[in-house]
file run-v9.txt (compact mmCIF, C-alpha atoms)
# COMPACT_ATOMS: atom_id res chain seq x y z
CA MET I 1 3.29 -17.30 -29.07
CA GLU I 2 2.75 -14.59 -31.68
CA LEU I 3 -0.47 -16.18 -32.95
CA THR I 4 -2.14 -16.08 -29.56
CA GLU I 5 -1.13 -12.44 -29.07
CA LYS I 6 -2.85 -11.58 -32.35
CA LEU I 7 -5.82 -13.76 -31.43
CA LEU I 8 -6.42 -11.80 -28.24
CA LYS I 9 -6.66 -8.68 -30.40
CA GLY I 10 -9.42 -10.31 -32.46
CA ASP I 11 -7.34 -11.37 -35.47
CA ILE I 12 -9.37 -13.81 -37.58
CA ALA I 13 -6.42 -15.24 -39.52
CA SER I 14 -4.69 -16.17 -36.26
CA ALA I 15 -7.89 -17.77 -34.96
CA ALA I 16 -8.19 -19.87 -38.12
CA LYS I 17 -4.57 -21.03 -37.87
CA LEU I 18 -4.88 -21.91 -34.19
CA ILE I 19 -8.05 -23.94 -34.80
CA THR I 20 -6.28 -25.82 -37.59
CA MET I 21 -3.41 -26.59 -35.22
CA ILE I 22 -5.90 -27.77 -32.59
CA GLU I 23 -7.58 -30.11 -35.08
CA ASN I 24 -4.35 -31.61 -36.37
CA ASP I 25 -2.22 -31.86 -33.24
CA ARG I 26 -3.72 -32.58 -29.83
CA ASP I 27 -0.40 -31.85 -28.10
CA ALA I 28 -0.40 -28.41 -29.72
CA ALA I 29 -4.03 -28.01 -28.64
CA SER I 30 -3.01 -28.53 -25.03
CA SER I 31 -0.37 -25.80 -25.23
CA ILE I 32 -2.71 -23.37 -27.00
CA ILE I 33 -5.57 -23.80 -24.53
CA LYS I 34 -3.23 -23.45 -21.55
CA GLU I 35 -2.14 -20.08 -22.92
CA ILE I 36 -5.53 -18.65 -23.87
CA PHE I 37 -7.76 -20.15 -21.17
CA PRO I 38 -7.41 -17.20 -18.74
CA HIS I 39 -8.90 -15.02 -21.48
CA THR I 40 -12.04 -17.17 -21.96
CA GLY I 41 -15.39 -17.32 -20.19
CA ASN I 42 -17.07 -14.27 -21.70
CA ALA I 43 -18.81 -15.82 -24.72
CA TYR I 44 -22.26 -17.41 -24.61
CA LEU I 45 -22.35 -20.82 -26.31
CA ILE I 46 -25.45 -22.01 -28.14
CA GLY I 47 -25.80 -25.56 -29.46
CA ILE I 48 -28.00 -26.41 -32.45
CA THR I 49 -28.78 -30.08 -33.03
CA GLY I 50 -31.31 -32.13 -34.97
CA SER I 51 -31.66 -34.66 -37.75
CA PRO I 52 -30.30 -33.97 -41.24
CA GLY I 53 -32.71 -32.05 -43.43
CA VAL I 54 -34.53 -30.08 -40.73
CA GLY I 55 -32.90 -26.82 -41.83
CA LYS I 56 -30.29 -26.31 -39.14
CA SER I 57 -27.88 -24.35 -41.34
CA THR I 58 -30.61 -22.00 -42.57
CA LEU I 59 -31.75 -21.51 -38.98
CA VAL I 60 -28.19 -20.77 -37.85
CA SER I 61 -27.79 -18.21 -40.62
CA GLN I 62 -30.94 -16.43 -39.49
CA LEU I 63 -29.88 -16.55 -35.83
CA VAL I 64 -26.55 -14.99 -36.80
CA LYS I 65 -28.35 -12.19 -38.64
CA THR I 66 -30.63 -11.48 -35.68
CA PHE I 67 -27.83 -11.52 -33.13
CA ARG I 68 -25.76 -9.21 -35.36
CA ASP I 69 -28.71 -6.82 -35.63
CA ARG I 70 -28.68 -6.73 -31.82
CA GLY I 71 -25.03 -5.73 -31.76
CA ASN I 72 -23.34 -9.07 -30.96
CA SER I 73 -20.18 -10.44 -32.58
CA ILE I 74 -20.59 -14.07 -33.62
CA GLY I 75 -18.52 -17.20 -33.97
CA VAL I 76 -20.01 -20.22 -35.74
CA ILE I 77 -18.61 -23.74 -35.53
CA ALA I 78 -20.31 -25.93 -38.15
CA VAL I 79 -19.47 -29.54 -37.36
CA ASP I 80 -19.72 -31.70 -40.49
CA ALA I 81 -19.34 -35.35 -41.31
CA SER I 82 -15.78 -36.42 -42.12
CA SER I 83 -14.53 -37.42 -45.53
CA PRO I 84 -13.52 -41.11 -45.42
CA PHE I 85 -10.48 -40.20 -47.53
CA SER I 86 -9.06 -36.97 -46.12
CA GLY I 87 -10.70 -36.87 -42.70
CA GLY I 88 -11.77 -33.30 -43.43
CA ALA I 89 -15.25 -31.81 -43.36
CA LEU I 90 -17.45 -32.83 -46.27
CA LEU I 91 -19.12 -29.42 -46.25
CA GLY I 92 -17.06 -26.27 -45.82
CA ASP I 93 -17.75 -22.84 -44.42
CA ARG I 94 -17.46 -21.43 -47.94
CA ILE I 95 -20.70 -23.25 -48.81
CA ARG I 96 -22.64 -22.43 -45.66
CA MET I 97 -23.90 -19.01 -44.62
CA GLN I 98 -22.32 -17.23 -47.58
CA GLU I 99 -24.24 -14.01 -46.89
CA HIS I 100 -22.17 -13.55 -43.70
CA GLN I 101 -18.76 -14.06 -45.30
CA ILE I 102 -18.38 -10.35 -46.07
CA ASP I 103 -18.97 -9.46 -42.40
CA LYS I 104 -15.38 -10.30 -41.44
CA GLU I 105 -15.34 -8.22 -38.28
CA GLY I 106 -18.64 -9.47 -36.91
CA VAL I 107 -18.96 -13.10 -38.04
CA PHE I 108 -16.34 -15.86 -38.07
CA VAL I 109 -17.54 -19.19 -39.49
CA ARG I 110 -15.49 -22.35 -39.19
CA SER I 111 -16.32 -25.87 -40.39
CA MET I 112 -14.89 -28.81 -38.47
CA ALA I 113 -15.02 -32.53 -39.20
CA THR I 114 -16.39 -35.05 -36.69
CA ARG I 115 -13.41 -37.32 -37.49
CA GLY I 116 -15.40 -40.40 -36.55
CA ASN I 117 -16.64 -39.15 -33.21
CA LEU I 118 -20.05 -40.78 -32.67
CA GLY I 119 -21.33 -38.05 -30.39
CA GLY I 120 -21.81 -35.75 -33.37
CA LEU I 121 -18.99 -33.41 -32.40
CA SER I 122 -15.31 -33.20 -33.17
CA LYS I 123 -13.13 -33.73 -30.10
CA ALA I 124 -11.57 -30.37 -30.91
CA THR I 125 -14.89 -28.51 -30.94
CA ARG I 126 -14.70 -27.30 -27.34
CA ASP I 127 -11.14 -26.08 -27.88
CA ALA I 128 -12.20 -24.23 -31.03
CA ALA I 129 -14.91 -22.56 -28.97
CA TYR I 130 -12.23 -21.47 -26.49
CA VAL I 131 -10.33 -19.85 -29.37
CA MET I 132 -13.41 -17.93 -30.54
CA ASP I 133 -14.12 -16.95 -26.94
CA ALA I 134 -10.57 -15.64 -26.45
CA MET I 135 -10.75 -13.60 -29.66
CA GLY I 136 -13.69 -11.71 -28.20
CA ARG I 137 -16.81 -13.21 -29.79
CA ASP I 138 -19.98 -12.50 -27.79
CA ILE I 139 -21.99 -15.44 -29.11
CA ILE I 140 -20.68 -18.81 -30.32
CA ILE I 141 -23.11 -21.03 -32.19
CA ILE I 142 -22.19 -24.70 -32.57
CA GLU I 143 -24.14 -26.58 -35.23
CA THR I 144 -23.75 -30.34 -34.98
CA VAL I 145 -23.56 -32.80 -37.84
CA GLY I 146 -27.05 -34.24 -37.39
CA VAL I 147 -26.57 -37.93 -36.68
CA GLY I 148 -29.70 -38.68 -34.67
CA GLN I 149 -30.02 -40.01 -31.15
CA VAL I 150 -26.32 -40.22 -30.32
CA GLU I 151 -26.01 -36.48 -30.90
CA LEU I 152 -26.05 -35.63 -27.21
CA ASP I 153 -22.51 -34.30 -26.71
CA ILE I 154 -23.64 -30.75 -27.45
CA VAL I 155 -25.14 -30.44 -23.97
CA LYS I 156 -21.64 -30.80 -22.50
CA ILE I 157 -20.49 -27.67 -24.34
CA ALA I 158 -23.43 -25.31 -24.85
CA TYR I 159 -25.19 -23.09 -22.36
CA SER I 160 -28.44 -23.20 -24.35
CA SER I 161 -29.19 -26.34 -26.39
CA LEU I 162 -31.69 -26.05 -29.24
CA VAL I 163 -33.21 -29.17 -30.78
CA VAL I 164 -34.57 -28.55 -34.27
CA LEU I 165 -37.41 -30.70 -35.59
CA ALA I 166 -39.41 -30.62 -38.80
CA PRO I 167 -42.85 -31.96 -39.75
CA GLY I 168 -43.13 -35.08 -41.84
CA MET I 169 -39.75 -36.52 -40.86
CA GLY I 170 -40.74 -38.57 -37.82
CA ASP I 171 -38.95 -36.09 -35.61
CA SER I 172 -41.77 -35.86 -33.10
CA ILE I 173 -41.28 -39.55 -32.43
CA GLN I 174 -37.50 -39.06 -32.15
CA ALA I 175 -38.12 -36.24 -29.70
CA MET I 176 -40.02 -38.57 -27.40
CA LYS I 177 -36.98 -40.77 -26.93
CA ALA I 178 -34.88 -40.37 -23.81
CA GLY I 179 -31.82 -38.21 -24.32
CA ILE I 180 -33.19 -35.87 -26.97
CA MET I 181 -35.88 -34.66 -24.57
CA GLU I 182 -33.33 -34.26 -21.81
CA ILE I 183 -30.84 -32.10 -23.69
CA ALA I 184 -33.22 -29.50 -25.13
CA ASP I 185 -33.62 -26.12 -23.50
CA ILE I 186 -35.60 -24.94 -26.52
CA PHE I 187 -37.45 -26.96 -29.17
CA ILE I 188 -37.81 -25.48 -32.64
CA ILE I 189 -40.34 -26.80 -35.13
CA ASN I 190 -38.78 -25.53 -38.35
CA LYS I 191 -40.50 -25.56 -41.76
CA ALA I 192 -43.68 -24.69 -39.88
CA ASP I 193 -45.37 -23.81 -43.17
CA HIS I 194 -45.38 -27.51 -44.10
CA ASP I 195 -48.23 -29.92 -43.42
CA GLY I 196 -47.99 -31.60 -40.05
CA ALA I 197 -46.25 -28.75 -38.23
CA ASP I 198 -49.10 -28.31 -35.76
CA LYS I 199 -49.15 -32.04 -35.03
CA THR I 200 -45.38 -32.07 -34.42
CA TYR I 201 -45.81 -29.11 -32.09
CA ARG I 202 -48.60 -30.86 -30.16
CA ASP I 203 -46.61 -34.11 -29.91
CA VAL I 204 -43.62 -32.36 -28.37
CA GLN I 205 -45.88 -30.27 -26.14
CA TYR I 206 -47.59 -33.44 -24.90
CA VAL I 207 -44.31 -35.16 -24.03
CA LEU I 208 -43.03 -32.06 -22.27
CA HIS I 209 -46.24 -31.86 -20.25
CA MET I 210 -45.92 -35.53 -19.25
CA SER I 211 -42.35 -35.04 -18.03
CA GLU I 212 -42.77 -31.59 -16.51
CA ALA I 213 -41.50 -31.31 -12.96
CA CYS I 214 -43.12 -29.11 -10.35
CA ASP I 215 -40.02 -27.15 -9.39
CA ASP I 216 -38.04 -24.10 -10.34
CA ARG I 217 -35.99 -25.78 -13.06
CA TRP I 218 -36.06 -24.42 -16.60
CA HIS I 219 -38.95 -25.85 -18.58
CA PRO I 220 -38.16 -26.20 -22.30
CA GLU I 221 -40.14 -23.96 -24.62
CA ILE I 222 -41.33 -24.70 -28.16
CA TYR I 223 -41.26 -22.34 -31.13
CA LYS I 224 -42.37 -22.66 -34.73
CA THR I 225 -40.15 -21.13 -37.39
CA VAL I 226 -39.84 -20.84 -41.15
CA ALA I 227 -36.10 -20.19 -41.23
CA SER I 228 -35.98 -19.78 -45.01
CA GLU I 229 -38.26 -16.73 -44.61
CA GLY I 230 -36.88 -15.53 -41.29
CA GLU I 231 -40.19 -16.17 -39.53
CA GLY I 232 -40.12 -16.83 -35.79
CA ILE I 233 -36.37 -16.21 -35.45
CA SER I 234 -36.65 -13.09 -33.30
CA GLU I 235 -38.82 -14.99 -30.83
CA VAL I 236 -36.25 -17.79 -30.62
CA VAL I 237 -33.46 -15.27 -29.89
CA ASP I 238 -35.66 -13.70 -27.22
CA CYS I 239 -36.04 -17.13 -25.62
CA ILE I 240 -32.28 -17.77 -25.75
CA GLU I 241 -31.72 -14.48 -23.95
CA LYS I 242 -34.42 -15.45 -21.45
CA HIS I 243 -32.65 -18.77 -20.82
CA LYS I 244 -29.32 -16.97 -20.45
CA LYS I 245 -30.85 -14.67 -17.85
CA TYR I 246 -32.30 -17.70 -16.04
CA LEU I 247 -28.89 -19.37 -15.87
CA GLU I 248 -27.32 -16.20 -14.55
CA GLU I 249 -30.01 -15.58 -11.94
CA THR I 250 -29.90 -19.17 -10.66
CA SER I 251 -26.07 -19.34 -10.81
CA GLN I 252 -26.31 -22.34 -13.13
CA LYS I 253 -23.36 -21.53 -15.35
CA LEU I 254 -22.48 -24.60 -17.35
CA GLU I 255 -18.86 -24.48 -16.19
CA LYS I 256 -20.27 -25.50 -12.80
CA ILE I 257 -22.82 -27.99 -14.06
CA TYR I 258 -20.53 -29.82 -16.46
CA GLY I 259 -17.11 -28.87 -15.13
CA ARG I 260 -16.48 -32.26 -13.52
CA GLU I 261 -17.59 -34.16 -16.63
CA GLN I 262 -15.36 -32.10 -18.90
CA LEU I 263 -12.42 -32.61 -16.56
CA MET I 264 -12.96 -36.38 -16.43
CA GLU I 265 -13.11 -36.54 -20.24
CA LEU I 266 -9.69 -34.88 -20.39
CA VAL I 267 -8.37 -37.26 -17.75
CA LYS I 268 -9.62 -40.26 -19.76
CA SER I 269 -8.09 -38.82 -22.92
CA ASN I 270 -4.71 -38.40 -21.20
CA VAL I 271 -4.91 -41.92 -19.77
CA GLU I 272 -5.54 -43.29 -23.29
CA LYS I 273 -2.56 -41.32 -24.59
CA ARG I 274 -0.29 -42.68 -21.86
CA ILE I 275 -1.44 -46.22 -22.61
CA GLN I 276 -0.76 -45.78 -26.33
CA ASN I 277 2.67 -44.28 -25.63
CA SER I 278 3.61 -46.73 -22.90
CA ASP I 279 6.74 -48.85 -23.21
CA VAL I 280 5.25 -51.98 -21.67
CA ASP I 281 7.04 -55.03 -23.04
CA GLU I 282 5.07 -56.40 -26.01
CA CYS I 283 6.16 -59.91 -25.09
CA LEU I 284 4.60 -59.44 -21.68
CA ILE I 285 1.38 -58.18 -23.26
CA GLN I 286 1.27 -61.23 -25.53
CA GLU I 287 1.87 -63.44 -22.52
CA TYR I 288 -1.15 -61.90 -20.83
CA VAL I 289 -3.21 -62.32 -24.00
CA ASN I 290 -2.31 -66.00 -24.13
CA LYS I 291 -3.36 -66.46 -20.51
CA VAL I 292 -6.78 -65.02 -21.35
CA ILE I 293 -7.09 -67.17 -24.47
CA ASN I 294 -6.21 -70.28 -22.49
CA ARG I 295 -8.65 -69.31 -19.73
CA GLU I 296 -5.81 -69.14 -17.20
CA MET I 297 -6.79 -65.57 -16.27
CA ASP I 298 -9.84 -63.41 -16.86
CA PRO I 299 -9.58 -60.24 -19.02
CA TYR I 300 -10.55 -57.90 -16.17
CA THR I 301 -7.69 -59.08 -13.96
CA VAL I 302 -5.28 -58.86 -16.89
CA SER I 303 -6.36 -55.33 -17.77
CA GLU I 304 -5.79 -54.24 -14.15
CA MET I 305 -2.32 -55.81 -14.22
CA VAL I 306 -1.44 -54.00 -17.47
CA LEU I 307 -2.58 -50.66 -16.01
CA ASP I 308 -0.52 -51.31 -12.90
CA LYS I 309 2.53 -51.83 -15.12
CA ILE I 310 1.87 -48.56 -16.98
CA PHE I 311 1.12 -46.36 -13.97
CA MET I 312 3.36 -47.96 -11.35
call {"tool": "encode", "arguments": {"input": "run-v9.txt", "output": "structure tokens"}}
result
Amino acid sequence: MELTEKLLKGDIASAAKLITMIENDRDAASSIIKEIFPHTGNAYLIGITGSPGVGKSTLVSQLVKTFRDRGNSIGVIAVDASSPFSGGALLGDRIRMQEHQIDKEGVFVRSMATRGNLGGLSKATRDAAYVMDAMGRDIIIIETVGVGQVELDIVKIAYSSLVVLAPGMGDSIQAMKAGIMEIADIFIINKADHDGADKTYRDVQYVLHMSEACDDRWHPEIYKTVASEGEGISEVVDCIEKHKKYLEETSQKLEKIYGREQLMELVKSNVEKRIQNSDVDECLIQEYVNKVINREMDPYTVSEMVLDKIFM
């Protein structure tokens, strides 16, 4: 495929076209990833999550600037809410991080729509990250849509997961809930110049202390930032690099940690596709439905019988 050949040489236009194909056609996505996968595995993926309004986009922009100053090429995947009409992203990459748009060689920003996925990520997000990886980006930052507690999918993709909080938004309480605490490698209290920042910091610190295990596992760290002014960003990048070194030294690459889960997600996706494309007799399906309605058979037995028909 000519596009993939250009991609492997770092061509941004080819990367953009391939990501569009991945978003719009999952069969095409399969073919693309099969071709480029041997060329992936070199990029470091960072996930940024948190409630709307905490300043994730501003933080990402500052992280990009700092990583660029340190000589890294960057890919950014900004996952936005979907338009109920077009299915596309409500916010585009032309709006976000405009100061980096002129740095074509060093920064590639792409917005993607969640398309109704409740985990806060588009199903094509991981594949888009593969594309950016194959084109030679050193760092890939994935900013999620910001949908609250269900926004846990990022941990399945990113090496380092950053949870961004802000004072005065009840985020310290959100952080205490199971799931959010478990996914964070680094906590960031953004807008630290606002009232309540110290309290938010102490609340998170308290919960971390209560759940801290006495072993060699990574213990999440907390940083205060004022992203709009660039304050505290360098320290956050230092911590990301520290976490990266920890993963490398302990052989905890996320391909190993989450490889099985990623594989099973693909298996489930392919099973769903086969079910949708199956040629099981509709009359037979209706017959089964009627048996359930009339209490002649239970739905679990019927579902097993249908699957047997599909995969026999």
call {"tool": "residues_around", "arguments": {"input": "run-v9.txt", "residues": "Ala78 of chain I", "least_positions_apart": "3", "cutoff": "8 Å", "atoms": "all atoms listed in the file", "output": "list in words"}}
result
Asp93, Val109, Arg110, Ser111, Met112, Ile142, Glu143, Thr144 and Val145 of chain I
call {"tool": "closest_residue", "arguments": {"input": "run-v9.txt", "among": "I:Ala197, I:Ile19, I:Leu3, I:Ile141", "to": "Ser61 of chain I", "atoms": "all atoms listed in the file"}}
result
I:Ile141
call {"tool": "residues_around", "arguments": {"input": "run-v9.txt", "residues": "Leu18 of chain I", "least_positions_apart": "6", "cutoff": "9 Å", "atoms": "only C-alpha atoms", "output": "PyMOL selection string"}}
result
chain I and resi 3-4+7+29+32+128+131
call {"tool": "residues_around", "arguments": {"input": "run-v9.txt", "residues": "Asp195 of chain I", "least_positions_apart": "5", "cutoff": "12 Å", "atoms": "only C-alpha atoms", "output": "PyMOL selection string"}}
result
chain I and resi 166-169+189-190+200-201
call {"tool": "closest_residue", "arguments": {"input": "run-v9.txt", "among": "I:Ala15, I:Leu63, I:Ala124, I:Ile293", "to": "Ser30 of chain I", "atoms": "all atoms listed in the file"}}
result
I:Ala124
call {"tool": "atom_distance", "arguments": {"input": "run-v9.txt", "atom1": "atom CA of Lys309 of chain I", "atom2": "atom CA of Ile275 of chain I"}}
result
10.2 Å
call {"tool": "build_atoms", "arguments": {"input": "run-v9.txt", "residues": "segment 20-38 of chain I", "atoms": "N, CA, C and O atoms", "output": "PDB file, keeping the file's coordinate frame"}}
result
ATOM      1  N   THR I  20      -6.866 -24.775 -36.760  1.00  0.00           N
ATOM      2  CA  THR I  20      -6.280 -25.820 -37.590  1.00  0.00           C
ATOM      3  C   THR I  20      -5.235 -26.611 -36.807  1.00  0.00           C
ATOM      4  O   THR I  20      -5.183 -27.852 -36.875  1.00  0.00           O
ATOM      5  N   MET I  21      -4.416 -25.927 -36.044  1.00  0.00           N
ATOM      6  CA  MET I  21      -3.410 -26.590 -35.220  1.00  0.00           C
ATOM      7  C   MET I  21      -4.083 -27.485 -34.168  1.00  0.00           C
ATOM      8  O   MET I  21      -3.630 -28.606 -33.907  1.00  0.00           O
ATOM      9  N   ILE I  22      -5.172 -26.990 -33.588  1.00  0.00           N
ATOM     10  CA  ILE I  22      -5.900 -27.770 -32.590  1.00  0.00           C
ATOM     11  C   ILE I  22      -6.481 -29.039 -33.194  1.00  0.00           C
ATOM     12  O   ILE I  22      -6.451 -30.109 -32.583  1.00  0.00           O
ATOM     13  N   GLU I  23      -7.002 -28.938 -34.412  1.00  0.00           N
ATOM     14  CA  GLU I  23      -7.580 -30.110 -35.080  1.00  0.00           C
ATOM     15  C   GLU I  23      -6.536 -31.153 -35.418  1.00  0.00           C
ATOM     16  O   GLU I  23      -6.789 -32.360 -35.320  1.00  0.00           O
ATOM     17  N   ASN I  24      -5.355 -30.695 -35.832  1.00  0.00           N
ATOM     18  CA  ASN I  24      -4.350 -31.610 -36.370  1.00  0.00           C
ATOM     19  C   ASN I  24      -3.359 -32.137 -35.353  1.00  0.00           C
ATOM     20  O   ASN I  24      -2.691 -33.140 -35.606  1.00  0.00           O
ATOM     21  N   ASP I  25      -3.249 -31.468 -34.214  1.00  0.00           N
ATOM     22  CA  ASP I  25      -2.220 -31.860 -33.240  1.00  0.00           C
ATOM     23  C   ASP I  25      -2.745 -31.640 -31.831  1.00  0.00           C
ATOM     24  O   ASP I  25      -2.808 -30.502 -31.346  1.00  0.00           O
ATOM     25  N   ARG I  26      -3.136 -32.718 -31.154  1.00  0.00           N
ATOM     26  CA  ARG I  26      -3.720 -32.580 -29.830  1.00  0.00           C
ATOM     27  C   ARG I  26      -2.703 -32.095 -28.795  1.00  0.00           C
ATOM     28  O   ARG I  26      -3.071 -31.473 -27.806  1.00  0.00           O
ATOM     29  N   ASP I  27      -1.419 -32.382 -29.009  1.00  0.00           N
ATOM     30  CA  ASP I  27      -0.400 -31.850 -28.100  1.00  0.00           C
ATOM     31  C   ASP I  27      -0.322 -30.330 -28.236  1.00  0.00           C
ATOM     32  O   ASP I  27      -0.197 -29.600 -27.243  1.00  0.00           O
ATOM     33  N   ALA I  28      -0.395 -29.851 -29.486  1.00  0.00           N
ATOM     34  CA  ALA I  28      -0.400 -28.410 -29.720  1.00  0.00           C
ATOM     35  C   ALA I  28      -1.651 -27.790 -29.119  1.00  0.00           C
ATOM     36  O   ALA I  28      -1.606 -26.682 -28.557  1.00  0.00           O
ATOM     37  N   ALA I  29      -2.778 -28.506 -29.207  1.00  0.00           N
ATOM     38  CA  ALA I  29      -4.030 -28.010 -28.640  1.00  0.00           C
ATOM     39  C   ALA I  29      -3.885 -27.753 -27.152  1.00  0.00           C
ATOM     40  O   ALA I  29      -4.347 -26.731 -26.629  1.00  0.00           O
ATOM     41  N   SER I  30      -3.215 -28.675 -26.475  1.00  0.00           N
ATOM     42  CA  SER I  30      -3.010 -28.530 -25.030  1.00  0.00           C
ATOM     43  C   SER I  30      -2.246 -27.253 -24.715  1.00  0.00           C
ATOM     44  O   SER I  30      -2.631 -26.481 -23.824  1.00  0.00           O
ATOM     45  N   SER I  31      -1.192 -26.998 -25.461  1.00  0.00           N
ATOM     46  CA  SER I  31      -0.370 -25.800 -25.230  1.00  0.00           C
ATOM     47  C   SER I  31      -1.154 -24.526 -25.520  1.00  0.00           C
ATOM     48  O   SER I  31      -1.068 -23.529 -24.775  1.00  0.00           O
ATOM     49  N   ILE I  32      -1.942 -24.557 -26.603  1.00  0.00           N
ATOM     50  CA  ILE I  32      -2.710 -23.370 -27.000  1.00  0.00           C
ATOM     51  C   ILE I  32      -3.761 -23.033 -25.936  1.00  0.00           C
ATOM     52  O   ILE I  32      -3.896 -21.880 -25.516  1.00  0.00           O
ATOM     53  N   ILE I  33      -4.499 -24.051 -25.494  1.00  0.00           N
ATOM     54  CA  ILE I  33      -5.570 -23.800 -24.530  1.00  0.00           C
ATOM     55  C   ILE I  33      -5.003 -23.338 -23.187  1.00  0.00           C
ATOM     56  O   ILE I  33      -5.574 -22.460 -22.522  1.00  0.00           O
ATOM     57  N   LYS I  34      -3.866 -23.896 -22.792  1.00  0.00           N
ATOM     58  CA  LYS I  34      -3.230 -23.450 -21.550  1.00  0.00           C
ATOM     59  C   LYS I  34      -2.924 -21.957 -21.600  1.00  0.00           C
ATOM     60  O   LYS I  34      -3.053 -21.249 -20.597  1.00  0.00           O
ATOM     61  N   GLU I  35      -2.527 -21.481 -22.782  1.00  0.00           N
ATOM     62  CA  GLU I  35      -2.140 -20.080 -22.920  1.00  0.00           C
ATOM     63  C   GLU I  35      -3.334 -19.138 -22.981  1.00  0.00           C
ATOM     64  O   GLU I  35      -3.300 -18.039 -22.422  1.00  0.00           O
ATOM     65  N   ILE I  36      -4.415 -19.570 -23.664  1.00  0.00           N
ATOM     66  CA  ILE I  36      -5.530 -18.650 -23.870  1.00  0.00           C
ATOM     67  C   ILE I  36      -6.653 -18.798 -22.840  1.00  0.00           C
ATOM     68  O   ILE I  36      -7.519 -17.921 -22.733  1.00  0.00           O
ATOM     69  N   PHE I  37      -6.637 -19.865 -22.064  1.00  0.00           N
ATOM     70  CA  PHE I  37      -7.760 -20.150 -21.170  1.00  0.00           C
ATOM     71  C   PHE I  37      -8.083 -19.005 -20.200  1.00  0.00           C
ATOM     72  O   PHE I  37      -9.262 -18.716 -19.954  1.00  0.00           O
ATOM     73  N   PRO I  38      -7.077 -18.319 -19.649  1.00  0.00           N
ATOM     74  CA  PRO I  38      -7.410 -17.200 -18.740  1.00  0.00           C
ATOM     75  C   PRO I  38      -8.203 -16.088 -19.413  1.00  0.00           C
ATOM     76  O   PRO I  38      -8.794 -15.249 -18.720  1.00  0.00           O
TER      77      PRO I  38
END
